[in-house]
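As stored in model-v8.cif (mmCIF, C-alpha atoms):
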```
data_model
#
loop_
_atom_site.group_PDB
_atom_site.id
_atom_site.type_symbol
_atom_site.label_atom_id
_atom_site.label_comp_id
_atom_site.auth_asym_id
_atom_site.auth_seq_id
_atom_site.Cartn_x
_atom_site.Cartn_y
_atom_site.Cartn_z
ATOM 1 C CA MET A 1 -4.015 31.275 -14.176
ATOM 2 C CA LYS A 2 -1.999 29.494 -11.543
ATOM 3 C CA SER A 3 -2.461 26.138 -13.269
ATOM 4 C CA LEU A 4 -1.436 27.738 -16.565
ATOM 5 C CA TYR A 5 1.848 28.739 -14.901
ATOM 6 C CA ALA A 6 2.258 25.239 -13.479
ATOM 7 C CA TRP A 7 1.734 23.596 -16.888
ATOM 8 C CA GLY A 8 4.063 26.161 -18.451
ATOM 9 C CA ALA A 9 6.714 25.111 -15.959
ATOM 10 C CA ILE A 10 6.010 21.433 -16.706
ATOM 11 C CA ALA A 11 6.456 22.118 -20.435
ATOM 12 C CA ALA A 12 9.745 23.921 -19.718
ATOM 13 C CA ILE A 13 11.010 21.060 -17.527
ATOM 14 C CA VAL A 14 10.069 18.406 -20.113
ATOM 15 C CA LEU A 15 11.661 20.363 -22.973
ATOM 16 C CA THR A 16 14.923 21.229 -21.212
ATOM 17 C CA SER A 17 15.459 17.842 -19.573
ATOM 18 C CA THR A 18 14.769 16.030 -22.865
ATOM 19 C CA ALA A 19 17.282 18.325 -24.599
ATOM 20 C CA GLY A 20 19.723 17.649 -21.747
ATOM 21 C CA ASP A 21 19.387 13.862 -21.950
ATOM 22 C CA VAL A 22 19.790 13.860 -25.747
ATOM 23 C CA LEU A 23 22.840 16.164 -25.612
ATOM 24 C CA LEU A 24 24.483 14.173 -22.786
ATOM 25 C CA SER A 25 23.828 10.926 -24.639
ATOM 26 C CA ARG A 26 25.266 12.312 -27.878
ATOM 27 C CA GLY A 27 28.309 13.724 -26.066
ATOM 28 C CA MET A 28 29.067 10.457 -24.275
ATOM 29 C CA LYS A 29 28.684 8.473 -27.522
ATOM 30 C CA GLN A 30 31.270 10.815 -29.084
ATOM 31 C CA VAL A 31 33.632 10.208 -26.152
ATOM 32 C CA GLY A 32 33.139 6.432 -26.471
ATOM 33 C CA ASP A 33 32.967 3.517 -24.006
ATOM 34 C CA VAL A 34 34.522 5.081 -20.900
ATOM 35 C CA GLY A 35 35.420 1.696 -19.369
ATOM 36 C CA GLU A 36 37.513 0.755 -22.381
ATOM 37 C CA LEU A 37 38.984 4.269 -22.690
ATOM 38 C CA ARG A 38 40.019 4.289 -19.040
ATOM 39 C CA ARG A 39 42.063 1.126 -19.553
ATOM 40 C CA ARG A 40 43.732 2.652 -22.616
ATOM 41 C CA ILE A 41 44.421 6.266 -21.638
ATOM 42 C CA GLY A 42 43.682 6.500 -17.880
ATOM 43 C CA LEU A 43 40.903 8.082 -15.823
ATOM 44 C CA LEU A 44 42.148 11.688 -15.899
ATOM 45 C CA ALA A 45 42.441 11.724 -19.692
ATOM 46 C CA VAL A 46 38.894 10.327 -19.964
ATOM 47 C CA LEU A 47 37.558 13.037 -17.622
ATOM 48 C CA ALA A 48 39.374 15.693 -19.676
ATOM 49 C CA GLN A 49 37.745 14.363 -22.866
ATOM 50 C CA VAL A 50 34.297 14.374 -21.261
ATOM 51 C CA PHE A 51 34.608 17.916 -19.899
ATOM 52 C CA LYS A 52 35.952 19.196 -23.244
ATOM 53 C CA ASN A 53 32.975 17.788 -25.183
ATOM 54 C CA PRO A 54 30.632 20.654 -26.222
ATOM 55 C CA ASN A 55 27.540 18.405 -26.314
ATOM 56 C CA PHE A 56 28.244 17.264 -22.747
ATOM 57 C CA LEU A 57 28.636 20.865 -21.525
ATOM 58 C CA LEU A 58 25.441 21.980 -23.319
ATOM 59 C CA GLY A 59 23.672 18.954 -21.816
ATOM 60 C CA VAL A 60 24.731 19.921 -18.300
ATOM 61 C CA ALA A 61 23.535 23.497 -18.945
ATOM 62 C CA ALA A 62 20.159 22.163 -20.174
ATOM 63 C CA MET A 63 19.874 19.940 -17.066
ATOM 64 C CA ALA A 64 20.617 22.935 -14.839
ATOM 65 C CA THR A 65 17.874 24.903 -16.643
ATOM 66 C CA ALA A 66 15.504 21.971 -16.095
ATOM 67 C CA PHE A 67 16.347 21.997 -12.372
ATOM 68 C CA TYR A 68 15.632 25.726 -12.055
ATOM 69 C CA SER A 69 12.385 25.323 -14.056
ATOM 70 C CA LEU A 70 11.431 22.678 -11.516
ATOM 71 C CA LEU A 71 12.144 25.052 -8.608
ATOM 72 C CA PHE A 72 10.035 27.772 -10.256
ATOM 73 C CA GLY A 73 7.296 25.272 -11.043
ATOM 74 C CA LEU A 74 7.212 24.139 -7.424
ATOM 75 C CA SER A 75 6.647 27.708 -6.276
ATOM 76 C CA TRP A 76 3.486 27.908 -8.444
ATOM 77 C CA GLY A 77 2.077 24.413 -8.449
ATOM 78 C CA ASP A 78 1.787 21.320 -6.301
ATOM 79 C CA LEU A 79 4.696 18.929 -5.948
ATOM 80 C CA SER A 80 2.240 16.089 -6.574
ATOM 81 C CA LEU A 81 1.346 17.490 -10.011
ATOM 82 C CA ILE A 82 4.658 18.945 -11.234
ATOM 83 C CA VAL A 83 7.025 16.079 -10.442
ATOM 84 C CA PRO A 84 5.051 13.062 -11.746
ATOM 85 C CA ALA A 85 3.690 14.958 -14.777
ATOM 86 C CA SER A 86 7.114 16.159 -15.877
ATOM 87 C CA THR A 87 8.901 12.867 -15.078
ATOM 88 C CA SER A 88 6.447 10.648 -16.915
ATOM 89 C CA LEU A 89 6.113 12.974 -19.926
ATOM 90 C CA THR A 90 9.920 13.109 -20.164
ATOM 91 C CA PHE A 91 10.055 9.308 -20.651
ATOM 92 C CA ILE A 92 7.813 9.688 -23.712
ATOM 93 C CA THR A 93 9.454 12.808 -25.207
ATOM 94 C CA ASN A 94 12.867 11.164 -24.727
ATOM 95 C CA ALA A 95 11.766 8.155 -26.780
ATOM 96 C CA VAL A 96 10.627 10.480 -29.597
ATOM 97 C CA ALA A 97 13.736 12.686 -29.395
ATOM 98 C CA ALA A 98 16.132 9.710 -29.259
ATOM 99 C CA ARG A 99 14.553 8.369 -32.445
ATOM 100 C CA ILE A 100 14.745 11.689 -34.284
ATOM 101 C CA PHE A 101 18.029 13.169 -33.051
ATOM 102 C CA LEU A 102 20.086 10.135 -31.991
ATOM 103 C CA HIS A 103 18.723 7.731 -34.648
ATOM 104 C CA GLU A 104 18.166 5.067 -32.005
ATOM 105 C CA ARG A 105 15.999 2.158 -33.039
ATOM 106 C CA VAL A 106 12.972 2.639 -30.804
ATOM 107 C CA ASP A 107 11.103 -0.598 -31.474
ATOM 108 C CA GLN A 108 7.783 -1.760 -29.995
ATOM 109 C CA ARG A 109 9.575 -3.172 -26.985
ATOM 110 C CA ARG A 110 11.144 0.194 -26.110
ATOM 111 C CA TRP A 111 7.908 2.100 -26.731
ATOM 112 C CA LEU A 112 6.046 -0.281 -24.477
ATOM 113 C CA ALA A 113 8.749 0.075 -21.799
ATOM 114 C CA ALA A 114 8.618 3.898 -21.955
ATOM 115 C CA LEU A 115 4.786 3.898 -21.732
ATOM 116 C CA LEU A 116 4.708 1.371 -18.868
ATOM 117 C CA VAL A 117 7.292 3.335 -16.862
ATOM 118 C CA ALA A 118 5.507 6.645 -17.575
ATOM 119 C CA GLY A 119 2.199 5.135 -16.400
ATOM 120 C CA GLY A 120 3.867 3.605 -13.353
ATOM 121 C CA VAL A 121 5.353 6.960 -12.330
ATOM 122 C CA VAL A 122 1.889 8.567 -12.482
ATOM 123 C CA LEU A 123 0.433 5.789 -10.284
ATOM 124 C CA LEU A 124 3.288 6.185 -7.753
ATOM 125 C CA ALA A 125 2.327 9.827 -7.282
ATOM 126 C CA MET A 126 -1.400 9.181 -6.772
ATOM 127 C CA MET B 1 26.239 -6.714 -22.019
ATOM 128 C CA THR B 2 28.769 -7.748 -19.405
ATOM 129 C CA LEU B 3 28.334 -8.073 -15.639
ATOM 130 C CA ARG B 4 30.290 -4.832 -15.190
ATOM 131 C CA LYS B 5 27.764 -2.992 -17.382
ATOM 132 C CA TYR B 6 24.788 -4.392 -15.451
ATOM 133 C CA LEU B 7 26.523 -3.261 -12.234
ATOM 134 C CA ILE B 8 26.845 0.274 -13.632
ATOM 135 C CA LEU B 9 23.115 0.286 -14.539
ATOM 136 C CA ALA B 10 22.359 -0.925 -10.998
ATOM 137 C CA GLY B 11 24.626 1.878 -9.729
ATOM 138 C CA VAL B 12 22.573 4.483 -11.636
ATOM 139 C CA ALA B 13 19.356 3.223 -10.013
ATOM 140 C CA PHE B 14 20.852 2.720 -6.540
ATOM 141 C CA PHE B 15 22.660 6.081 -6.261
ATOM 142 C CA ALA B 16 19.672 8.017 -7.701
ATOM 143 C CA ALA B 17 17.269 6.514 -5.151
ATOM 144 C CA THR B 18 19.544 6.690 -2.091
ATOM 145 C CA GLY B 19 20.848 10.167 -3.047
ATOM 146 C CA ASP B 20 17.286 11.517 -3.277
ATOM 147 C CA GLY B 21 16.437 9.733 -0.028
ATOM 148 C CA PHE B 22 19.340 11.360 1.857
ATOM 149 C CA ILE B 23 18.526 14.816 0.428
ATOM 150 C CA ALA B 24 14.856 14.443 1.412
ATOM 151 C CA ARG B 25 15.768 13.382 4.962
ATOM 152 C CA GLY B 26 18.382 16.158 5.285
ATOM 153 C CA MET B 27 16.015 18.869 4.042
ATOM 154 C CA LYS B 28 13.450 17.792 6.655
ATOM 155 C CA GLN B 29 16.151 18.266 9.324
ATOM 156 C CA VAL B 30 17.052 21.705 7.947
ATOM 157 C CA GLY B 31 13.415 22.829 7.686
ATOM 158 C CA ASN B 32 11.800 25.339 5.345
ATOM 159 C CA ILE B 33 13.999 27.862 3.591
ATOM 160 C CA SER B 34 12.234 31.184 3.139
ATOM 161 C CA LEU B 35 12.546 33.107 -0.126
ATOM 162 C CA HIS B 36 13.922 36.078 1.853
ATOM 163 C CA ARG B 37 16.870 34.026 3.022
ATOM 164 C CA LEU B 38 17.649 32.338 -0.282
ATOM 165 C CA PRO B 39 21.460 32.275 0.287
ATOM 166 C CA ASP B 40 20.768 29.711 3.028
ATOM 167 C CA ILE B 41 20.249 27.191 0.225
ATOM 168 C CA VAL B 42 24.023 27.155 -0.296
ATOM 169 C CA LEU B 43 24.676 26.465 3.378
ATOM 170 C CA VAL B 44 22.427 23.379 3.510
ATOM 171 C CA VAL B 45 25.321 21.277 2.141
ATOM 172 C CA LEU B 46 26.943 21.725 5.574
ATOM 173 C CA ASN B 47 24.314 19.316 6.892
ATOM 174 C CA PRO B 48 26.101 15.920 6.848
ATOM 175 C CA VAL B 49 23.060 14.000 5.567
ATOM 176 C CA ILE B 50 22.651 16.429 2.660
ATOM 177 C CA ALA B 51 26.399 16.325 1.938
ATOM 178 C CA LEU B 52 26.150 12.537 1.769
ATOM 179 C CA GLY B 53 23.147 12.902 -0.571
ATOM 180 C CA VAL B 54 25.111 15.234 -2.869
ATOM 181 C CA LEU B 55 28.003 12.742 -2.895
ATOM 182 C CA PHE B 56 25.627 9.915 -3.863
ATOM 183 C CA LEU B 57 24.047 12.048 -6.613
ATOM 184 C CA LEU B 58 27.543 12.744 -8.013
ATOM 185 C CA ALA B 59 28.105 8.973 -8.073
ATOM 186 C CA PHE B 60 24.740 8.669 -9.853
ATOM 187 C CA PHE B 61 25.811 11.172 -12.511
ATOM 188 C CA ALA B 62 29.137 9.370 -13.075
ATOM 189 C CA CYS B 63 27.372 5.998 -13.510
ATOM 190 C CA TYR B 64 24.714 7.598 -15.770
ATOM 191 C CA MET B 65 27.383 9.126 -18.032
ATOM 192 C CA ALA B 66 29.297 5.816 -18.139
ATOM 193 C CA ALA B 67 26.097 3.986 -19.145
ATOM 194 C CA LEU B 68 25.298 6.538 -21.871
ATOM 195 C CA SER B 69 28.788 6.038 -23.308
ATOM 196 C CA TRP B 70 27.881 2.477 -24.364
ATOM 197 C CA ALA B 71 24.085 2.156 -24.301
ATOM 198 C CA ASP B 72 21.132 3.892 -26.004
ATOM 199 C CA LEU B 73 19.239 6.597 -24.103
ATOM 200 C CA THR B 74 15.980 4.691 -24.729
ATOM 201 C CA TYR B 75 17.584 1.655 -23.044
ATOM 202 C CA VAL B 76 19.231 3.376 -20.073
ATOM 203 C CA LEU B 77 16.192 5.423 -18.999
ATOM 204 C CA PRO B 78 13.636 2.591 -18.630
ATOM 205 C CA ALA B 79 16.283 0.135 -17.390
ATOM 206 C CA THR B 80 17.300 2.431 -14.538
ATOM 207 C CA SER B 81 13.736 3.406 -13.594
ATOM 208 C CA VAL B 82 14.053 0.466 -11.187
ATOM 209 C CA SER B 83 15.211 3.299 -8.864
ATOM 210 C CA TYR B 84 11.537 4.215 -8.315
ATOM 211 C CA VAL B 85 10.941 0.677 -7.115
ATOM 212 C CA VAL B 86 13.971 0.869 -4.785
ATOM 213 C CA LEU B 87 12.827 4.262 -3.467
ATOM 214 C CA THR B 88 9.336 2.925 -2.676
ATOM 215 C CA LEU B 89 10.818 -0.111 -0.912
ATOM 216 C CA ILE B 90 13.061 2.225 1.133
ATOM 217 C CA ALA B 91 10.003 4.374 1.972
ATOM 218 C CA ARG B 92 8.038 1.289 3.051
ATOM 219 C CA PHE B 93 10.629 -0.707 4.966
ATOM 220 C CA ALA B 94 13.272 1.828 6.123
ATOM 221 C CA LEU B 95 11.164 4.961 6.631
ATOM 222 C CA HIS B 96 7.985 2.968 7.545
ATOM 223 C CA GLU B 97 5.759 5.048 5.246
ATOM 224 C CA ASN B 98 2.391 3.745 4.144
ATOM 225 C CA VAL B 99 2.447 2.447 0.569
ATOM 226 C CA SER B 100 -1.027 2.336 -1.016
ATOM 227 C CA LEU B 101 -2.352 -0.263 -3.447
ATOM 228 C CA THR B 102 -2.111 2.257 -6.342
ATOM 229 C CA ARG B 103 1.595 2.685 -5.598
ATOM 230 C CA TRP B 104 2.202 -1.058 -5.594
ATOM 231 C CA LEU B 105 0.391 -1.124 -8.968
ATOM 232 C CA GLY B 106 2.726 1.661 -10.197
ATOM 233 C CA ILE B 107 5.718 -0.426 -9.074
ATOM 234 C CA LEU B 108 4.315 -3.386 -11.002
ATOM 235 C CA LEU B 109 4.019 -1.298 -14.223
ATOM 236 C CA ILE B 110 7.556 0.085 -13.865
ATOM 237 C CA SER B 111 8.988 -3.382 -13.182
ATOM 238 C CA ALA B 112 7.215 -4.684 -16.301
ATOM 239 C CA GLY B 113 8.728 -1.830 -18.339
ATOM 240 C CA VAL B 114 12.202 -2.567 -16.976
ATOM 241 C CA GLY B 115 11.742 -6.256 -17.773
ATOM 242 C CA PHE B 116 10.680 -5.495 -21.361
ATOM 243 C CA VAL B 117 13.534 -3.164 -22.242
ATOM 244 C CA THR B 118 16.339 -5.183 -20.657
ATOM 245 C CA GLN B 119 15.364 -8.234 -22.739
ATOM 246 C CA GLY B 120 16.244 -6.350 -25.918
ATOM 247 C CA PRO B 121 19.551 -5.047 -27.315
ATOM 248 C CA ALA B 122 21.211 -2.199 -25.388
ATOM 249 C CA PHE B 123 22.738 -0.433 -28.343
ATOM 250 C CA THR B 124 21.714 0.501 -31.896
ATOM 251 C CA PRO B 125 24.741 -0.542 -34.000
ATOM 252 C CA LEU B 126 26.414 2.292 -35.910
ATOM 253 C CA ARG B 127 25.906 0.502 -39.231
ATOM 254 C CA GLU B 128 22.193 0.414 -38.669
ATOM 255 C CA LYS B 129 22.143 4.118 -37.859
ATOM 256 C CA SER B 130 23.881 5.031 -41.117
ATOM 257 C CA ASP B 131 21.568 2.671 -43.004
ATOM 258 C CA GLU B 132 18.603 4.414 -41.515
ATOM 259 C CA LEU B 133 20.055 7.756 -42.586
ATOM 260 C CA VAL B 134 20.331 6.796 -46.241
ATOM 261 C CA GLY B 135 17.071 4.869 -46.042
ATOM 262 C CA ALA B 136 18.606 1.587 -47.146
ATOM 263 C CA SER B 137 17.715 -1.745 -45.635
ATOM 264 C CA LEU B 138 20.206 -4.423 -44.750
ATOM 265 C CA SER B 139 19.666 -8.043 -43.908
ATOM 266 C CA ALA B 140 21.261 -9.754 -40.930
ATOM 267 C CA ARG B 141 22.781 -7.537 -38.280
ATOM 268 C CA THR B 142 24.507 -8.543 -35.121
ATOM 269 C CA GLU B 143 25.159 -6.641 -31.956
ATOM 270 C CA PRO B 144 28.854 -5.909 -31.408
#
```
Take the structure in the file and write it out as structure tokens.
Amino acid sequence: MKSLYAWGAIAAIVLTSTAGDVLLSRGMKQVGDVGELRRRIGLLAVLAQVFKNPNFLLGVAAMATAFYSLLFGLSWGDLSLIVPASTSLTFITNAVAARIFLHERVDQRRWLAALLVAGGVVLLAM
Amino acid sequence: MTLRKYLILAGVAFFAATGDGFIARGMKQVGNISLHRLPDIVLVVLNPVIALGVLFLLAFFACYMAALSWADLTYVLPATSVSYVVLTLIARFALHENVSLTRWLGILLISAGVGFVTQGPAFTPLREKSDELVGASLSARTEP
């Protein structure tokens, strides 16, 4: 039962942090290259645009949910299971979600990179 | 990709690793927080090491958002996972922790992933995205 809770928490972390990354990425793409924008309209105006973007705000909310899911997960399961499992799975779900929702071209090179990093994270935790 | 952009990617990795490092060290100084005294979690930022960690994580978030404003998510995430490598090197050489062979192997895999993704384009051009949406195929495309 305890491990069911732990895996439930892992699923919640993976889902919310993937949603957060996708929303933040979409929001920042809508804002545009912040380096260029800063030169054109100044830092404060850029910050105002970022904090007014609904995707950015939703992304931050999703990231906060992911953080609290992590805290709950840690109270049920081991740090050495929850953190590497959720981190490495997130690399893979992010590649899928970026392809579907952000229409990024996830070619073989990017798939291989995501899988290598996900595997590496698991090994780091062993 | 300009030097400035590579520096921002390096900033994402550097501030994530050092921020986590400071928070970990600070929380060890503070000690366990019991569930009955949960409000104490707010007061931990008064610890200077943790405050420094929070500051570094804010810098991480700023760099991460800047990177996402001009690069694909599937580029930024693997490219900045070099932070795990940095964190392990900090653990080995600054905190004198023991790093096992499996961990070195993990570092090798992550480094290979970082190498792969940074060789490719950082951004899917907008034209290509709209092409993909209507299902049409176009010949030569160049990165802006």
Of the residues A:Ala113, A:Ala45, A:Met63, A:Ile13, which is the one nearest to chain B, using all atoms listed in the file?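 That would be A:Ala113, the residue with the smallest distance to chain B.
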Chain A residues near chain B (6 Å cut-off, only C-alpha atoms) as a PyMOL selection string: chain A and resi 25+28-29+32-34+95+103-104+110+113+116-117+120+123-124
Please, could you write that set of residues out with C-alpha atoms as a compact mmCIF listing (two decimals), in the frame of the given file?
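selection-v9.txt was written with the following content:
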```txt
# COMPACT_ATOMS: atom_id res chain seq x y z
CA SER A 25 23.83 10.93 -24.64
CA MET A 28 29.07 10.46 -24.28
CA LYS A 29 28.68 8.47 -27.52
CA GLY A 32 33.14 6.43 -26.47
CA ASP A 33 32.97 3.52 -24.01
CA VAL A 34 34.52 5.08 -20.90
CA ALA A 95 11.77 8.15 -26.78
CA HIS A 103 18.72 7.73 -34.65
CA GLU A 104 18.17 5.07 -32.01
CA ARG A 110 11.14 0.19 -26.11
CA ALA A 113 8.75 0.08 -21.80
CA LEU A 116 4.71 1.37 -18.87
CA VAL A 117 7.29 3.34 -16.86
CA GLY A 120 3.87 3.60 -13.35
CA LEU A 123 0.43 5.79 -10.28
CA LEU A 124 3.29 6.18 -7.75
```
Identify all residues satisfying the PyMOL selection byres ((chain B and resi 6-16) around 6) in the given file; provide them as a PyMOL selection string. chain B and resi 3-5+17-19+56+60+63-64+80+83
Give me a file of those residues, with C-alpha atoms, as a short mmCIF file (atom, residue, chain, number, x, y, z; two decimals), in the frame of the given file.
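Listed below is the output, result15.cif:
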```
data_model
loop_
_atom_site.label_atom_id
_atom_site.label_comp_id
_atom_site.auth_asym_id
_atom_site.auth_seq_id
_atom_site.Cartn_x
_atom_site.Cartn_y
_atom_site.Cartn_z
CA LEU B 3 28.33 -8.07 -15.64
CA ARG B 4 30.29 -4.83 -15.19
CA LYS B 5 27.76 -2.99 -17.38
CA ALA B 17 17.27 6.51 -5.15
CA THR B 18 19.54 6.69 -2.09
CA GLY B 19 20.85 10.17 -3.05
CA PHE B 56 25.63 9.91 -3.86
CA PHE B 60 24.74 8.67 -9.85
CA CYS B 63 27.37 6.00 -13.51
CA TYR B 64 24.71 7.60 -15.77
CA THR B 80 17.30 2.43 -14.54
CA SER B 83 15.21 3.30 -8.86
#
```
Using only C-alpha atoms, which residue out of A:Leu24, A:Ala125, A:Ile41, A:Val14 lies closest to Ile92 (chain A)?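 Of all the options, A:Val14 lies closest to Ile92 (chain A).
The result of the PyMOL selection byres ((chain A and resi 56) around 9) on the shown file is Gly20, Leu23, Leu24, Ser25, Arg26, Gly27, Met28, Val50, Phe51, Lys52, Asn53, Pro54, Asn55, Leu57, Leu58, Gly59, Val60 and Ala61 of chain A.
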Distance of CA of Val86 (chain B) from CA of Thr93 (chain A), expressed in Å to one decimal place: 24.1 Å
Rounded to one decimal place, report the CA of Ser80 (chain A)-CA of Gly26 (chain B) distance in Å.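 Distance between the two atoms: 20.0 Å.
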List as a list of chain:residue names the protein and nucleic acid residues near Val54 (chain B), meaning an atom at most 9 Å away when only C-alpha atoms are counted, but skip any in the same chain fewer than 6 places from it.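 The residues satisfying every condition are B:Gly19, B:Asp20, B:Phe22, B:Ile23, B:Val45.
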